[in-house]
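Reproduced below: work-v4.txt, with compact mmCIF, C-alpha atoms.
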# COMPACT_ATOMS: atom_id res chain seq x y z
CA MET A 92 42.18 -127.34 -76.94
CA LEU A 93 38.79 -128.54 -78.20
CA ARG A 94 38.53 -130.95 -75.27
CA ARG A 95 39.26 -128.13 -72.78
CA THR A 96 36.65 -125.89 -74.44
CA PHE A 97 34.09 -128.71 -74.34
CA VAL A 98 34.76 -129.31 -70.62
CA THR A 99 34.48 -125.58 -69.94
CA LEU A 100 31.12 -125.42 -71.72
CA ILE A 101 29.82 -128.39 -69.74
CA ALA A 102 30.96 -126.79 -66.47
CA ALA A 103 29.32 -123.49 -67.42
CA ALA A 104 26.10 -125.25 -68.33
CA ALA A 105 26.14 -127.13 -65.02
CA LEU A 106 26.74 -123.90 -63.13
CA SER A 107 23.91 -122.20 -65.01
CA THR A 108 21.58 -125.09 -64.17
CA GLN A 109 22.62 -124.91 -60.52
CA VAL A 110 22.03 -121.14 -60.37
CA HIS A 111 18.64 -121.55 -62.04
CA ALA A 112 17.69 -124.25 -59.56
CA GLU A 113 18.67 -121.99 -56.68
CA GLU A 114 16.68 -119.11 -58.14
CA ALA A 115 13.65 -121.36 -58.51
CA LYS A 116 13.78 -122.55 -54.90
CA PRO A 117 10.21 -122.31 -53.54
CA LEU A 118 9.27 -119.56 -51.12
CA ASN A 119 6.87 -120.18 -48.24
CA PHE A 120 4.04 -117.77 -47.43
CA GLY A 121 3.13 -117.92 -43.74
CA ILE A 122 -0.52 -117.50 -42.74
CA ILE A 123 -1.39 -116.86 -39.08
CA SER A 124 -4.02 -119.15 -37.60
CA THR A 125 -7.01 -116.82 -37.23
CA GLU A 126 -9.26 -119.73 -38.23
CA SER A 127 -8.93 -123.27 -39.61
CA SER A 128 -6.10 -123.85 -42.08
CA THR A 129 -8.63 -125.31 -44.52
CA ASN A 130 -10.59 -122.06 -44.64
CA LEU A 131 -7.47 -119.93 -44.82
CA LYS A 132 -5.92 -122.01 -47.59
CA SER A 133 -9.06 -121.77 -49.71
CA VAL A 134 -9.04 -117.96 -49.68
CA TRP A 135 -5.28 -117.34 -49.82
CA GLN A 136 -4.32 -120.01 -52.40
CA PRO A 137 -5.58 -118.10 -55.49
CA VAL A 138 -3.54 -115.03 -54.48
CA ILE A 139 -0.49 -117.17 -53.71
CA ASP A 140 -0.79 -118.88 -57.11
CA ASP A 141 -0.90 -115.45 -58.80
CA LEU A 142 2.16 -114.40 -56.78
CA SER A 143 4.06 -117.50 -57.98
CA ARG A 144 3.35 -116.64 -61.61
CA ALA A 145 4.22 -112.97 -61.15
CA ILE A 146 7.62 -113.50 -59.54
CA GLY A 147 8.57 -116.65 -61.45
CA VAL A 148 9.21 -118.69 -58.30
CA PRO A 149 6.96 -121.34 -56.72
CA VAL A 150 5.26 -120.04 -53.55
CA LYS A 151 3.64 -122.42 -51.08
CA PRO A 152 1.31 -121.65 -48.15
CA PHE A 153 2.76 -122.37 -44.70
CA PHE A 154 0.53 -123.03 -41.68
CA ALA A 155 1.15 -123.56 -37.98
CA SER A 156 -1.14 -124.26 -35.03
CA ASP A 157 -0.52 -120.81 -33.55
CA TYR A 158 0.96 -117.42 -34.41
CA ALA A 159 4.29 -118.31 -32.80
CA GLY A 160 4.75 -121.10 -35.34
CA ILE A 161 4.72 -118.62 -38.22
CA ILE A 162 7.11 -116.27 -36.39
CA GLU A 163 9.52 -119.13 -35.69
CA GLY A 164 9.15 -120.32 -39.28
CA MET A 165 10.36 -116.93 -40.47
CA ARG A 166 13.10 -116.87 -37.84
CA PHE A 167 14.56 -120.12 -39.18
CA ASN A 168 13.96 -119.14 -42.82
CA LYS A 169 11.24 -121.73 -43.38
CA VAL A 170 8.91 -118.79 -44.08
CA GLN A 171 10.04 -115.94 -46.33
CA ILE A 172 6.79 -113.95 -46.67
CA ALA A 173 3.88 -113.82 -44.23
CA TRP A 174 0.55 -112.28 -43.35
CA TYR A 175 0.57 -111.22 -39.71
CA GLY A 176 -1.31 -109.05 -37.26
CA ASN A 177 0.65 -106.06 -35.97
CA LYS A 178 1.68 -107.70 -32.68
CA SER A 179 2.99 -110.84 -34.36
CA ALA A 180 4.67 -108.66 -37.00
CA ILE A 181 6.57 -106.90 -34.21
CA GLU A 182 7.93 -110.28 -33.12
CA ALA A 183 8.85 -111.13 -36.72
CA VAL A 184 10.66 -107.81 -37.19
CA ASP A 185 12.47 -107.98 -33.85
CA ARG A 186 13.36 -111.69 -33.81
CA ALA A 187 13.00 -113.12 -37.31
CA GLN A 188 14.69 -110.69 -39.72
CA GLY A 189 11.31 -109.50 -40.95
CA GLU A 190 10.37 -106.18 -42.51
CA VAL A 191 6.90 -104.80 -43.21
CA PHE A 192 6.37 -104.05 -46.91
CA ALA A 193 2.59 -103.75 -47.30
CA SER A 194 -0.69 -103.75 -45.40
CA VAL A 195 -4.19 -104.82 -46.32
CA ILE A 196 -7.09 -102.56 -47.26
CA ASP A 197 -10.43 -103.87 -46.04
CA LYS A 198 -13.49 -104.18 -48.29
CA ASP A 199 -14.77 -100.73 -47.28
CA GLY A 200 -11.40 -99.04 -47.75
CA ASN A 201 -10.79 -98.66 -44.00
CA PRO A 202 -7.16 -98.26 -42.87
CA GLY A 203 -7.70 -100.87 -40.18
CA TYR A 204 -10.19 -102.89 -38.15
CA TRP A 205 -11.53 -103.18 -34.60
CA SER A 206 -11.26 -105.58 -31.67
CA VAL A 207 -14.61 -106.45 -30.08
CA LEU A 208 -15.89 -108.17 -26.95
CA ILE A 209 -18.88 -110.38 -27.69
CA VAL A 210 -21.53 -112.42 -25.88
CA ASN A 211 -24.35 -114.62 -27.11
CA LYS A 212 -27.47 -112.70 -28.14
CA ASP A 213 -29.43 -114.61 -25.47
CA SER A 214 -26.98 -113.71 -22.70
CA ASP A 215 -28.17 -111.63 -19.76
CA LEU A 216 -24.87 -109.75 -20.04
CA LYS A 217 -26.16 -106.57 -21.64
CA THR A 218 -23.29 -104.16 -21.08
CA LEU A 219 -19.54 -104.14 -20.42
CA ASP A 220 -20.31 -103.18 -16.81
CA ASP A 221 -22.21 -106.45 -16.42
CA VAL A 222 -19.04 -108.32 -17.40
CA LEU A 223 -16.86 -106.22 -15.09
CA LYS A 224 -19.22 -106.91 -12.15
CA ARG A 225 -19.54 -110.66 -12.70
CA GLY A 226 -16.15 -111.76 -14.03
CA ALA A 227 -15.54 -114.33 -11.28
CA LYS A 228 -18.54 -116.31 -12.51
CA LEU A 229 -17.81 -116.09 -16.24
CA SER A 230 -15.76 -118.07 -18.76
CA TYR A 231 -13.66 -115.98 -21.15
CA GLY A 232 -12.44 -116.77 -24.65
CA ALA A 233 -9.10 -115.00 -25.01
CA GLY A 234 -7.06 -114.54 -28.19
CA ASP A 235 -3.73 -116.01 -29.24
CA PRO A 236 -0.93 -114.46 -27.10
CA ASN A 237 0.56 -112.93 -30.27
CA SER A 238 -2.75 -111.61 -31.60
CA THR A 239 -3.17 -107.84 -31.91
CA SER A 240 -6.96 -107.76 -31.67
CA GLY A 241 -7.17 -110.82 -29.44
CA THR A 242 -4.57 -109.86 -26.83
CA ALA A 243 -2.59 -106.63 -27.28
CA VAL A 244 -5.41 -104.15 -27.95
CA PRO A 245 -8.05 -105.49 -25.51
CA GLY A 246 -5.24 -106.11 -23.04
CA TYR A 247 -4.52 -102.39 -22.96
CA TYR A 248 -7.70 -100.54 -23.90
CA LEU A 249 -10.12 -102.89 -22.13
CA TRP A 250 -8.48 -104.89 -19.36
CA ALA A 251 -5.59 -102.66 -18.24
CA ALA A 252 -7.90 -99.63 -18.47
CA ASN A 253 -10.11 -101.36 -15.89
CA LYS A 254 -7.15 -102.67 -13.86
CA ILE A 255 -8.01 -106.28 -14.73
CA GLU A 256 -5.83 -109.32 -15.38
CA PRO A 257 -8.10 -111.75 -17.29
CA LYS A 258 -6.32 -114.89 -16.02
CA THR A 259 -7.27 -114.10 -12.44
CA PHE A 260 -10.43 -112.07 -13.06
CA PHE A 261 -12.50 -114.70 -14.86
CA LYS A 262 -13.64 -118.09 -13.58
CA SER A 263 -11.88 -119.70 -16.56
CA VAL A 264 -9.90 -118.51 -19.56
CA ARG A 265 -9.39 -120.36 -22.83
CA ALA A 266 -7.15 -118.91 -25.54
CA SER A 267 -8.03 -119.69 -29.14
CA ASN A 268 -8.27 -118.24 -32.63
CA HIS A 269 -10.95 -115.78 -33.71
CA GLU A 270 -13.11 -118.33 -35.52
CA THR A 271 -13.18 -120.68 -32.52
CA ASN A 272 -13.96 -117.83 -30.13
CA LEU A 273 -16.87 -116.69 -32.28
CA LEU A 274 -18.30 -120.19 -32.59
CA SER A 275 -17.81 -120.79 -28.85
CA VAL A 276 -19.95 -117.74 -28.07
CA ILE A 277 -22.58 -118.69 -30.64
CA ASN A 278 -22.75 -122.23 -29.21
CA LYS A 279 -22.71 -120.96 -25.60
CA GLN A 280 -19.46 -122.74 -24.76
CA VAL A 281 -17.99 -119.55 -23.26
CA ASP A 282 -19.83 -116.62 -21.70
CA VAL A 283 -17.78 -113.84 -23.27
CA ALA A 284 -14.96 -113.69 -25.81
CA VAL A 285 -12.73 -111.33 -27.68
CA ASN A 286 -12.95 -111.16 -31.46
CA ASN A 287 -12.58 -108.63 -34.29
CA THR A 288 -14.65 -107.06 -37.05
CA GLU A 289 -12.74 -108.91 -39.80
CA SER A 290 -13.63 -112.25 -38.23
CA LEU A 291 -17.31 -111.28 -38.04
CA GLU A 292 -17.22 -110.43 -41.75
CA ARG A 293 -15.45 -113.69 -42.60
CA TYR A 294 -18.21 -115.57 -40.74
CA ARG A 295 -20.80 -113.91 -42.99
CA LEU A 296 -18.88 -114.88 -46.13
CA ASN A 297 -18.35 -118.47 -44.94
CA THR A 298 -21.87 -119.15 -43.73
CA GLY A 299 -24.13 -116.57 -45.36
CA LYS A 300 -25.31 -115.59 -41.86
CA ASP A 301 -24.88 -112.26 -40.10
CA ALA A 302 -23.02 -112.76 -36.81
CA SER A 303 -25.12 -110.00 -35.24
CA GLU A 304 -28.09 -112.39 -35.33
CA SER A 305 -26.27 -114.64 -32.85
CA VAL A 306 -23.90 -112.39 -30.88
CA ARG A 307 -23.95 -108.97 -29.25
CA VAL A 308 -20.96 -106.59 -29.15
CA LEU A 309 -20.37 -105.11 -25.68
CA TRP A 310 -17.13 -103.24 -26.41
CA LYS A 311 -15.32 -101.99 -29.51
CA SER A 312 -11.71 -100.85 -29.56
CA PRO A 313 -10.11 -97.82 -31.19
CA LEU A 314 -9.07 -98.43 -34.80
CA ILE A 315 -6.26 -100.99 -35.17
CA PRO A 316 -3.78 -100.46 -38.04
CA ALA A 317 -4.48 -102.83 -40.95
CA ASP A 318 -2.75 -106.21 -40.97
CA PRO A 319 0.81 -106.03 -42.33
CA LEU A 320 2.57 -108.26 -44.84
CA VAL A 321 6.16 -109.05 -43.88
CA MET A 322 9.09 -110.49 -45.79
CA ARG A 323 12.53 -111.56 -44.67
CA SER A 324 14.98 -108.70 -45.01
CA ASP A 325 17.67 -110.96 -46.52
CA LEU A 326 15.70 -111.80 -49.66
CA PRO A 327 17.44 -110.57 -52.84
CA ALA A 328 16.60 -106.92 -53.56
CA ASP A 329 15.08 -107.65 -56.96
CA MET A 330 12.86 -110.36 -55.46
CA LYS A 331 11.69 -108.00 -52.70
CA THR A 332 10.74 -105.44 -55.35
CA LYS A 333 8.79 -108.04 -57.35
CA ILE A 334 6.90 -109.20 -54.26
CA ARG A 335 6.08 -105.66 -53.13
CA ASP A 336 4.96 -104.60 -56.61
CA PHE A 337 2.75 -107.66 -56.95
CA PHE A 338 0.77 -106.94 -53.79
CA VAL A 339 0.52 -103.17 -54.20
CA ASN A 340 -0.79 -103.58 -57.76
CA TYR A 341 -3.00 -106.61 -57.14
CA GLY A 342 -6.55 -106.03 -58.35
CA LYS A 343 -5.55 -103.09 -60.55
CA GLY A 344 -4.21 -104.67 -63.74
CA LYS A 345 -5.60 -106.30 -66.86
CA ASP A 346 -6.97 -109.21 -64.81
CA ALA A 347 -8.53 -106.92 -62.20
CA GLU A 348 -11.97 -108.51 -62.17
CA ARG A 349 -10.70 -111.99 -61.27
CA GLU A 350 -8.20 -110.61 -58.79
CA MET A 351 -10.86 -108.49 -57.09
CA ALA A 352 -12.94 -111.65 -56.67
CA ASN A 353 -9.95 -113.25 -54.91
CA LEU A 354 -9.62 -110.20 -52.68
CA LYS A 355 -13.32 -110.25 -51.84
CA ALA A 356 -12.95 -113.78 -50.49
CA LEU A 357 -10.31 -112.38 -48.12
CA THR A 358 -12.64 -109.48 -47.19
CA TYR A 359 -10.05 -107.13 -48.71
CA LYS A 360 -10.15 -104.37 -51.29
CA GLY A 361 -6.42 -104.55 -51.95
CA PHE A 362 -3.00 -103.84 -50.45
CA ARG A 363 -1.05 -100.63 -49.89
CA ALA A 364 2.68 -100.08 -49.46
CA SER A 365 3.81 -99.88 -45.83
CA ASP A 366 6.88 -100.23 -43.62
CA ASN A 367 7.90 -100.91 -40.03
CA GLN A 368 6.56 -97.53 -38.89
CA GLN A 369 3.04 -98.92 -38.95
CA LEU A 370 3.95 -101.05 -35.94
CA VAL A 371 4.68 -98.05 -33.69
CA PRO A 372 1.14 -97.68 -32.23
CA ILE A 373 1.07 -101.32 -31.18
CA ARG A 374 4.60 -101.07 -29.78
CA GLN A 375 3.37 -98.15 -27.67
CA ILE A 376 0.41 -100.17 -26.43
CA GLU A 377 2.62 -103.12 -25.49
CA LEU A 378 5.02 -100.88 -23.54
CA ALA A 379 2.11 -99.14 -21.81
CA ARG A 380 0.74 -102.56 -20.80
CA GLN A 381 4.13 -103.46 -19.38
CA LYS A 382 4.18 -100.19 -17.42
CA ALA A 383 0.77 -100.93 -15.93
CA ARG A 384 1.96 -104.39 -14.84
CA VAL A 385 5.11 -103.01 -13.24
CA GLU A 386 3.20 -100.24 -11.47
CA GLY A 387 0.79 -102.79 -10.01
CA ASP A 388 3.44 -105.36 -9.04
CA THR A 389 3.52 -105.47 -5.24
CA THR A 390 6.45 -107.91 -5.20
CA LEU A 391 8.90 -105.35 -6.61
CA GLY A 392 10.98 -103.14 -4.36
CA GLN A 393 10.63 -99.41 -4.95
CA ALA A 394 14.11 -99.04 -6.43
CA GLU A 395 13.64 -101.92 -8.86
CA LYS A 396 10.18 -100.68 -9.80
CA GLN A 397 11.49 -97.19 -10.59
CA LYS A 398 14.35 -98.69 -12.60
CA GLN A 399 11.99 -100.77 -14.75
CA LEU A 400 9.57 -97.87 -15.21
CA ALA A 401 12.42 -95.59 -16.30
CA GLU A 402 13.53 -98.16 -18.89
CA LEU A 403 9.99 -98.45 -20.23
CA ASP A 404 9.58 -94.66 -20.34
CA LYS A 405 12.81 -94.44 -22.32
CA LYS A 406 11.52 -96.97 -24.85
CA LEU A 407 8.20 -95.12 -25.12
CA ALA A 408 9.98 -91.80 -25.63
CA SER A 409 12.01 -93.31 -28.48
CA LEU A 410 8.76 -94.17 -30.26
CA GLY A 411 7.12 -90.78 -29.76
CA GLN A 412 4.12 -90.00 -27.58
CA PRO A 413 2.82 -92.74 -25.27
CA ALA A 414 -0.31 -94.62 -26.32
CA ALA A 415 -3.41 -92.59 -25.54
CA GLN A 416 -5.65 -93.68 -22.70
CA GLN A 417 -9.09 -94.94 -23.57
Using the file provided, produce a representation of the structure as structure tokens.
Amino acid sequence: MLRRTFVTLIAAAALSTQVHAEEAKPLNFGIISTESSTNLKSVWQPVIDDLSRAIGVPVKPFFASDYAGIIEGMRFNKVQIAWYGNKSAIEAVDRAQGEVFASVIDKDGNPGYWSVLIVNKDSDLKTLDDVLKRGAKLSYGAGDPNSTSGTAVPGYYLWAANKIEPKTFFKSVRASNHETNLLSVINKQVDVAVNNTESLERYRLNTGKDASESVRVLWKSPLIPADPLVMRSDLPADMKTKIRDFFVNYGKGKDAEREMANLKALTYKGFRASDNQQLVPIRQIELARQKARVEGDTTLGQAEKQKQLAELDKKLASLGQPAAQQ
């Protein structure tokens, strides 16, 4: 009897150890490649370390060479939490079991940020019309295909609004992250590039220089919803609550001063609770872009064109009103 009890206790202890080990399995926090991983790690690591302590589970930063790498990481459960732009978050929600749980608040308390088109301050391109007239002679720095401010928003509000396809409109097109695009314009390696206001602010923090001393903004988009934070929907409910509570309350507790310093390095004021509804405006823009492409596709027969347009109109209607024209 004593022997059986002893064996049972050992088995229970082993099971408890196994459960504890499973509970302590590290989580990976995906960080989209808006700039070099070295820069991103330096500003995100303090927040990630605080997250690890708050939820009682090790959390490690996860990087990839492009946005798709973070989306695929979440799809195959190598990434459980991630900072995305809205367009990449749509991919994570639709293809990688993601769900939006929070969004960032910028340093001025704005509910979002803006996409911009920039040229070097010395450029003879003074207005957007100059770019539209001379595109065939210009090199263009495009954004990552899954970037909201680098592709989706300018793709609709700037290029589609002017019936332009950048790949065929410009002499050359090079897609890169925001940091590289900004530096390429500053160093006169491309004539014109897309960027965003967050990237311009990050440049100031990293270098102590104001980007406006080196570049000129020719176009500014409507407000883009603030970047979302996404977690896998199959995380345990109690863990999801801990993660959400950590971010929503970050910078507000007993250690607020230190946490606010961490947020400042990210150009943020904090985080607010959010959900998948924040992605609707960007979904509308993406569908409107698809409509414009179908309408301008001369290779499609009329019946097939009408069929595709009807399907897109149905999807737009399910989201509410279509995206507003510029």
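Considering only C-alpha atoms, the residue among A:Ala352, A:Ala180, A:Ala266, A:Ile172 positioned nearest to Ala159 (chain A) is A:Ala180.
You can rank A:Asn253, A:Thr239, A:Ser179, A:Ser127 by their closest distance to Glu270 (chain A) using all atoms listed in the file, and at the top of that list sits A:Ser127.
Our summary of the geometry notes that CA of Val281 (chain A) is positioned 11.6 Å from CA of Ser267 (chain A).
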So that I can check the surroundings of Val339 (chain A), please list as a PyMOL selection string every protein, DNA and RNA residue that reaches within 9 Å of it, counting all atoms listed in the file and ignoring chain neighbours fewer than 6 positions away. chain A and resi 193-194+361-364
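For the choices A:Pro319, A:Gly246, A:Gly121, A:Gly387, the atom-to-atom distance to Val191 (chain A) is smallest for A:Pro319 when using all atoms listed in the file.
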Between CA of Asp215 (chain A) and CA of Lys279 (chain A) lies a distance of 12.3 Å
Checklist entry - Using all atoms listed in the file, what residues lie at most 8 Å away from (9.1, -117.7, -51.1) (file coordinates), given as a VMD selection string? => result chain A and resid 116 to 120 148 to 151 170 to 172
